[in-house]
There are 4 protein chains.
Amino acid sequence: MKVTLIGLGRMGSAMAPNLIKAGHSLTVFNRTRSRSEPFAKMGAAVAETVGAATSGAEVVITLLADDQAVESVVFSADGILQQLPRDAIHVSMSTISVALSRRLAEAHDERGQQYLAVPVFGRPEAAAAAKLFVVAGGPAPAIARCLPLFEAIGQKTLMVGEDAPSANVVKLTGNFLITTVIEGLAESVALARKQGVDPRVLMEVLTGSLFSAPVYQTYGRMIATDNFEPVGFRMPLGLKDNRLLMAAAEEAAVPMPMASLIHDRFLSAIAQGMEEADWSAIARLSLRNAGL
Amino acid sequence: MKVTLIGLGRMGSAMAPNLIKAGHSLTVFNRTRSRSEPFAKMGAAVAETVGAATSGAEVVITLLADDQAVESVVFSADGILQQLPRDAIHVSMSTISVALSRRLAEAHDERGQQYLAVPVFGRPEAAAAAKLFVVAGGPAPAIARCLPLFEAIGQKTLMVGEDAPSANVVKLTGNFLITTVIEGLAESVALARKQGVDPRVLMEVLTGSLFSAPVYQTYGRMIATDNFEPVGFRMPLGLKDNRLLMAAAEEAAVPMPMASLIHDRFLSAIAQGMEEADWSAIARLSLRNAGL
Amino acid sequence: MKVTLIGLGRMGSAMAPNLIKAGHSLTVFNRTRSRSEPFAKMGAAVAETVGAATSGAEVVITLLADDQAVESVVFSADGILQQLPRDAIHVSMSTISVALSRRLAEAHDERGQQYLAVPVFGRPEAAAAAKLFVVAGGPAPAIARCLPLFEAIGQKTLMVGEDAPSANVVKLTGNFLITTVIEGLAESVALARKQGVDPRVLMEVLTGSLFSAPVYQTYGRMIATDNFEPVGFRMPLGLKDNRLLMAAAEEAAVPMPMASLIHDRFLSAIAQGMEEADWSAIARLSLRNAGL
Amino acid sequence: MKVTLIGLGRMGSAMAPNLIKAGHSLTVFNRTRSRSEPFAKMGAAVAETVGAATSGAEVVITLLADDQAVESVVFSADGILQQLPRDAIHVSMSTISVALSRRLAEAHDERGQQYLAVPVFGRPEAAAAAKLFVVAGGPAPAIARCLPLFEAIGQKTLMVGEDAPSANVVKLTGNFLITTVIEGLAESVALARKQGVDPRVLMEVLTGSLFSAPVYQTYGRMIATDNFEPVGFRMPLGLKDNRLLMAAAEEAAVPMPMASLIHDRFLSAIAQGMEEADWSAIARLSLRNAGL
């Protein structure tokens with residue numbers, strides 16, 4: 001398949017080799033051109049502009065930092081909306097607002113192009129290992145055409161239905177639930193430690209019984225050992241995703257008190273010098289507040 | 001083994017047959033005598049008093065509603081403390097306060113008796129199916145002696161260490177984490193529904209990817225379908241366990257804002273007529289607050 | 001003084017007659033022209049465009065609904081920035097974001113115009129009675145020139161200092177504190193009623209002792225009698241001001257958990273059909289949650 | 001009047017001289033006898049036991065630290081309940097639980113004694129200056145008999161009605177509202193400081209306009225200057241009063257999310273070494289969380 005990948009950050013860079021390995025004809029574009037070099041060596045074409053990257057593609061994947069970055073590659077004069085062929089597919093993998101996803105769906109539809117919202121769950125390591133969970137929203141035929149791509153990067157593709165922005169809602173919800181796991185474990189470890197219980201024993205019991213999901217194991221270990229390295233997902237990105245969730249909640253008039261609590265945690269963490277830390281380091285706040 | 005079980009509520013009644021089947025010599029005691037009848041038919045001895053139930057036992061299991069009930073069978077004139085033979089073991093399975101567990105550990109120790117705190121995770125169905133998770137705290141030799149009992153009722157025994165009350169901390173923490181899962185899913189489902197996402201699809205994606213633990217499946221299904229039957233654990237018991245958690249947190253000066261949020265949820269639920277509902281019905285509050 | 005007032009909503013309409021009565025030469029502009037009629041009869045000039053309203057003015061007061069409305073009258077082609085004479089003063093009375101206020105200060109400064117941020121405290125009745133509290137931020141000489149205007153509409157002018165946007169911070173903070181008073185009283189009344197205490201007696205005692213400020217009297221009466229009429233400030237405006245506060249807090253990395261709680265209250269209120277109610281009706285949520 | 005005062009802590013010691021000055025015949029009792037000495041010199045009788053202090057009194061005022069202290073002087077063998085003459089009055093000024101106040105009302109009623117719940121608002125300085133606000137609950141004739149006492153210690157007596165425990169609800173509510181003022185001001189000052197606004201200017205504007213009540217002035221000054229001396233009311237007492245409030249709320253099934261937030265603040269403050277500080281120092285947490 002003729003695939004273009006726009007955005008070579010941590011996630012995009014981890015994903016690109018898997019697309020090449022799976023035999024697709026990959027073109028890459030990144031604002032900072034130097035990040036494209038390694039992929040050129042693996043056989044990818046390197047485009048000089050978004051337009052050039054898009055004009056001949058069957059599928060364009062965007063994997064960018066935020067709404068603004070996506071808007072700029074889609075709506076600019078030489079952007080995806082202008083250059084993408086009819087019936088070709090824009091696969092938006094970035095974590096963006098539900099509102100922007102809805103706008104993209106409408107804009108592509110008006111031009112006879114296909115739009116899929118396909119956020120992924122997984123940290124960069126999972127992307128490199130082709131172990132992502134791929135959450136796909138949009139028209140079934142377009143999803144069917146893209147399945148080989150999704151299989152090249154993920155362990156499983158989960159369908160959300162015809163309405164593409166639903167996939168963004170699901171993604172934001174998933175990230176929200178991860179933050180509630182982090183906060184819940186943080187409060188629990190603070191209690192355990194001050195009640196004289198070894199937090200590693202606590203985690204063994206919990207993950208060995210009711211809380212067997214990997215997310216408890218991963219974050220439980222980090223929190224129990226008070227070690228939040230390596231940094232897989234920086235604090236400001238956590239704040240950003242929380243902001244997108246709360247924007248979707250405000251738009252729909254849904255109070256989410258746990259999300260509000262997490263919002264305040266991210267602000268505290270950034271205010272207290274943890275801007276460069278992994279988002280899970282909000283757990284430190286529960287420990288500090290308890291005098292630990 | 002000569003085992004006595006004091007307390008034939010939902011959990012005790014589900015557990016007793018498994019002890020008999022495993023070949024132990026079981027004596028039962030319940031304040032309301034009629035609840036003992038079915039077990040007499042299965043071969044259990046029925047004691048008329050706590051003292052009689054205790055005086056010849058190797059192991060006395062208590063499985064009662066709250067601190068007060070446990071205090072009354074342990075510290076009364078003809079109670080467990082008076083009647084339990086030296087070196088015999090009191091296995092406290094009730095969800096009680098950390099403070100009472102500590103007091104029990106000391107009181108039994110002074111009398112040369114053994115004390116284990118052995119709370120379990122699992123609803124009555126799991127108890128009936130011998131699928132409980134058994135969390136054992138206390139001296140290793142005493143735990144070793146009781147292992148055949150734990151294996152008769154559970155799928156797995158998890159050791160917490162020599163300090164018995166640590167098992168109570170772990171139990172309260174586990175129940176707290178379940179409530180955070182319920183609340184997190186409830187807020188998520190409210191958002192999904194008002195954003196036009198089918199909550200069953202949301203749950204399929206979440207439990208099919210990051211949140212594979214049974215606790216997400218069980219409560220996710222209840223919340224997505226807005227059906228909180230059958231009632232496995234009544235609302236006031238949820239409030240009680242939250243109160244015990246917060247008491248342990250206050251004692252150790254540990255702020256737990258999520259636990260505070262759950263506390264308010266339980267009070268709202270009871271105030272709004274959900275006293276007889278399953279504790280997971282606090283999820284209804286997120287739906288109501290969002291106008292659903 | 002040659003004064004222009006742009007924006008004849010509830011507050012602007014209540015304020016305009018006081019400017020005329022004080023002897024100022026008033027020009028008014030409102031997008032919906034019909035709202036200007038009553039003031040024409042009182043002697044105000046009615047401008048057809050923002051530009052015409054602005055070009056000869058010594059002082060232009062804007063009193064509009066939100067950031068977007070202010071941006072559109074200031075930054076448009078025939079807008080205030082283009083038409084305001086050098087050294088003339090833009091007095092921004094709208095409750096807008098701190099960020100926009102900062103942008104306005106810079107833009108006017110570049111053009112040799114004066115900018116003051118002058119939000120007011122008080123409901124429309126207070127504006128009509130010339131009883132507003134006027135909070136003035138910006139260069140002292142410009143404030144001095146405008147004092148006659150402020151005295152025409154308010155009971156007191158409070159100076160915030162040279163940095164105009166500081167006045168917006170103070171205004172948002174004041175509105176936030178009002179919401180905390182409403183919420184605090186609401187929770188208190190819910191408790192009192194369910195403990196059998198007459199809420200009017202509660203309010204008499206509280207406002208007769210420690211909480212003598214008018215804000216407690218005004219809202220205390222509304223909450224104690226469960227009567228939130230008349231609607232002085234609609235729910236979505238409350239939500240908007242809370243959003244501006246939280247944006248300023250996020251920008252500066254300041255967690256404000258009480259503001260987060262209020263945010264969730266506004267969303268609940270709107271979701272539950274209180275969109276047209278006075279913002280103080282968030283108090284109903286505390287009563288409902290308590291089963292009242 | 002023949003009055004007995006039991007409890008010579010900060011508040012009792014500040015109040016006693018005013019009772020003597022007003023011409024009453026005062027007997028004092030304090031567990032630590034040495035605290036009675038200064039009052040003996042002023043002319044008070046010093047009783048050796050609670051019983052001796054009570055047996056001849058027309059009115060016995062108790063002003064003690066907590067429920068337990070009150071229970072012990074009332075219900076012990078030689079306690080107030082045993083020794084107070086028929087028709088004599090027990091005036092309970094301590095901040096105690098609503099539940100205990102109800103129990104006291106019933107117990108005294110059964111013995112033909114009078115019971116009034118008469119908590120006061122004001123710090124020790126106010127007690128010394130006879131400037132307390134006296135909140136009186138109970139039968140009107142008994143209150144009428146005690147009015148000369150209340151006038152000797154306070155600036156104003158506020159009636160709550162025939163049901164004595166209502167006065168305790170009002171008192172707990174008032175203290176709760178003070179904590180919400182502290183928290184609201186703390187969050188506001190954190191925002192102001194990080195947005196470059198002088199917090200003293202903020203306070204001048206706020207207390208000079210909408211928030212003129214003394215409670216805003218007192219705590220506003222402390223928070224704006226980050227100076228929480230002198231210690232008028234220690235942190236653990238704040239936690240205790242919050243606990244009594246939340247117990248009353250739980251008893252009546254009333255969720256109070258702001259009270260929960262304050263609860264967590266008190267625990268954080270104590271965990272972080274502020275046990276000896278004034279309760280208003282919870283404001284430091286908002287500053288710390290914002291990185292100040």
# chains A, B, ... in the order shown; residues from 1 in each chain; ligands from 1

$ interface_residues --of "chain D" --to "chain C" --cutoff "8 Å" --atoms "only C-alpha atoms" --output "VMD selection string"
chain D and resid 121 133 135 158 to 160 166 169 to 170 173 to 174 177 180 to 181 183 to 185 187 to 188 190 to 192 194 to 197 201 to 202 205 to 206 208 to 215 248 to 249 252 to 256 258 286 289 to 290

$ residues_around --residues "region 230-240 of chain D" --least-positions-apart "2" --cutoff "7 Å" --atoms "only C-alpha atoms" --output "list in words"
Arg123, Pro124, Phe228, Asn242, Arg243, Leu244, His263, Phe266, Glu275, Glu276, Ala277, Asp278 and Trp279 of chain D

$ select_by_dssp --residues "region 9-200 of chain A" --states "strand (DSSP E or B)" --output "PyMOL selection string"
chain A and resi 25-29+45-46+59-62+89-92+114-117+120-121+132-137+154-161

$ write_last_selection --atoms "C-alpha atoms" --output "compact mmCIF listing (two decimals), in the first residue's frame"
# COMPACT_ATOMS: atom_id res chain seq x y z
CA SER A 25 5.57 1.70 0.35
CA LEU A 26 6.18 4.34 3.00
CA THR A 27 6.65 8.09 2.56
CA VAL A 28 7.48 10.10 5.65
CA PHE A 29 7.26 13.78 6.47
CA ALA A 45 10.72 8.14 0.71
CA VAL A 46 11.18 11.49 2.37
CA VAL A 59 -3.49 6.44 3.06
CA VAL A 60 -2.08 9.34 5.03
CA ILE A 61 -1.45 8.72 8.72
CA THR A 62 -1.05 11.77 10.94
CA ILE A 89 -7.97 7.88 3.50
CA HIS A 90 -6.75 10.19 6.23
CA VAL A 91 -6.01 8.09 9.31
CA SER A 92 -5.75 10.43 12.29
CA GLN A 114 -12.25 9.17 3.70
CA TYR A 115 -11.53 9.95 7.35
CA LEU A 116 -10.75 7.52 10.13
CA ALA A 117 -9.99 8.34 13.75
CA VAL A 120 -3.71 3.86 19.78
CA PHE A 121 -3.07 2.67 23.33
CA LEU A 132 -0.25 -1.37 20.26
CA PHE A 133 -3.98 -1.57 20.77
CA VAL A 134 -5.50 0.13 17.74
CA VAL A 135 -8.89 1.76 18.24
CA ALA A 136 -10.57 2.37 14.90
CA GLY A 137 -13.53 4.62 14.24
CA GLY A 154 -0.60 -3.42 16.74
CA GLN A 155 -1.49 -6.59 18.55
CA LYS A 156 -5.22 -6.01 18.19
CA THR A 157 -7.63 -3.72 16.36
CA LEU A 158 -10.80 -2.73 18.18
CA MET A 159 -13.73 -1.29 16.23
CA VAL A 160 -15.69 1.59 17.62
CA GLY A 161 -18.28 2.02 14.88

$ atom_distance --atom1 "CA of Gly112 (chain C)" --atom2 "CA of Arg86 (chain C)"
5.4 Å

$ closest_residue --among "D:Gln113, D:Ser97, D:Ser13, D:Thr218" --to "Ser36 (chain D)" --atoms "only C-alpha atoms"
D:Ser13

$ residues_around --residues "Arg35 (chain C)" --least-positions-apart "5" --cutoff "12 Å" --atoms "only C-alpha atoms" --output "number ranges by chain"
C: 6-10, 12-14, 16, 28-30, 40-41, 46

$ atom_distance --atom1 "CA of Leu63 (chain B)" --atom2 "CA of Asn18 (chain B)"
14.9 Å

$ residues_around --residues "Asp67 (chain B)" --least-positions-apart "4" --cutoff "9 Å" --atoms "only C-alpha atoms" --output "PDB file with N, CA and C atoms, in the first residue's frame"
ATOM      1  N   GLU B  71     -16.006  -7.541  68.292  1.00  0.00           N
ATOM      2  CA  GLU B  71     -15.676  -7.249  69.692  1.00  0.00           C
ATOM      3  C   GLU B  71     -16.559  -8.055  70.631  1.00  0.00           C
ATOM      4  N   SER B  72     -17.840  -8.151  70.280  1.00  0.00           N
ATOM      5  CA  SER B  72     -18.749  -8.820  71.210  1.00  0.00           C
ATOM      6  C   SER B  72     -18.472 -10.319  71.294  1.00  0.00           C
ATOM      7  N   SER B  94     -13.410 -11.181  58.950  1.00  0.00           N
ATOM      8  CA  SER B  94     -14.295 -10.026  58.779  1.00  0.00           C
ATOM      9  C   SER B  94     -13.498  -8.816  58.284  1.00  0.00           C
ATOM     10  N   THR B  95     -14.185  -7.931  57.586  1.00  0.00           N
ATOM     11  CA  THR B  95     -13.558  -6.653  57.232  1.00  0.00           C
ATOM     12  C   THR B  95     -13.739  -5.711  58.414  1.00  0.00           C
ATOM     13  N   ILE B  96     -12.687  -5.572  59.190  1.00  0.00           N
ATOM     14  CA  ILE B  96     -12.756  -4.760  60.408  1.00  0.00           C
ATOM     15  C   ILE B  96     -11.697  -3.664  60.355  1.00  0.00           C
ATOM     16  N   SER B  97     -11.725  -2.802  61.335  1.00  0.00           N
ATOM     17  CA  SER B  97     -10.766  -1.704  61.351  1.00  0.00           C
ATOM     18  C   SER B  97      -9.362  -2.225  61.646  1.00  0.00           C
ATOM     19  N   LEU B 100      -8.847  -2.282  65.445  1.00  0.00           N
ATOM     20  CA  LEU B 100      -9.353  -3.456  66.174  1.00  0.00           C
ATOM     21  C   LEU B 100      -8.473  -4.671  65.900  1.00  0.00           C
TER      22      LEU B 100
END

$ residues_around --residues "Ala88 (chain B)" --least-positions-apart "6" --cutoff "12 Å" --atoms "only C-alpha atoms" --output "short mmCIF file (atom, residue, chain, number, x, y, z; two decimals) with C-alpha atoms, in the first residue's frame"
data_model
loop_
_atom_site.label_atom_id
_atom_site.label_comp_id
_atom_site.auth_asym_id
_atom_site.auth_seq_id
_atom_site.Cartn_x
_atom_site.Cartn_y
_atom_site.Cartn_z
CA MET B 1 -9.04 -30.18 61.48
CA LYS B 2 -11.38 -29.07 64.24
CA VAL B 3 -12.68 -25.82 62.89
CA THR B 4 -15.33 -23.46 64.18
CA THR B 54 -14.66 -22.13 70.85
CA SER B 55 -13.47 -24.17 73.80
CA GLY B 56 -12.35 -27.26 71.93
CA ALA B 57 -11.39 -25.76 68.59
CA GLU B 58 -8.03 -25.79 66.86
CA VAL B 59 -9.10 -22.91 64.66
CA VAL B 60 -11.94 -20.43 65.12
CA ILE B 61 -12.90 -18.43 62.07
CA ILE B 80 -13.27 -16.34 72.20
CA LEU B 81 -10.53 -14.73 74.24
CA HIS B 108 -4.46 -13.05 71.79
CA ASP B 109 -0.73 -12.76 72.13
CA ARG B 111 -3.04 -15.19 76.30
CA GLY B 112 -0.69 -17.39 74.32
CA GLN B 113 -3.20 -17.78 71.51
CA GLN B 114 -2.53 -17.27 67.82
CA TYR B 115 -4.17 -14.55 65.78
CA LEU B 116 -4.37 -14.28 62.01
CA PRO B 141 3.71 -21.18 61.27
CA ALA B 142 0.11 -20.36 62.12
CA ILE B 143 -0.61 -19.57 58.48
CA ARG B 145 -1.32 -24.74 59.81
CA CYS B 146 -4.34 -23.02 58.32
#
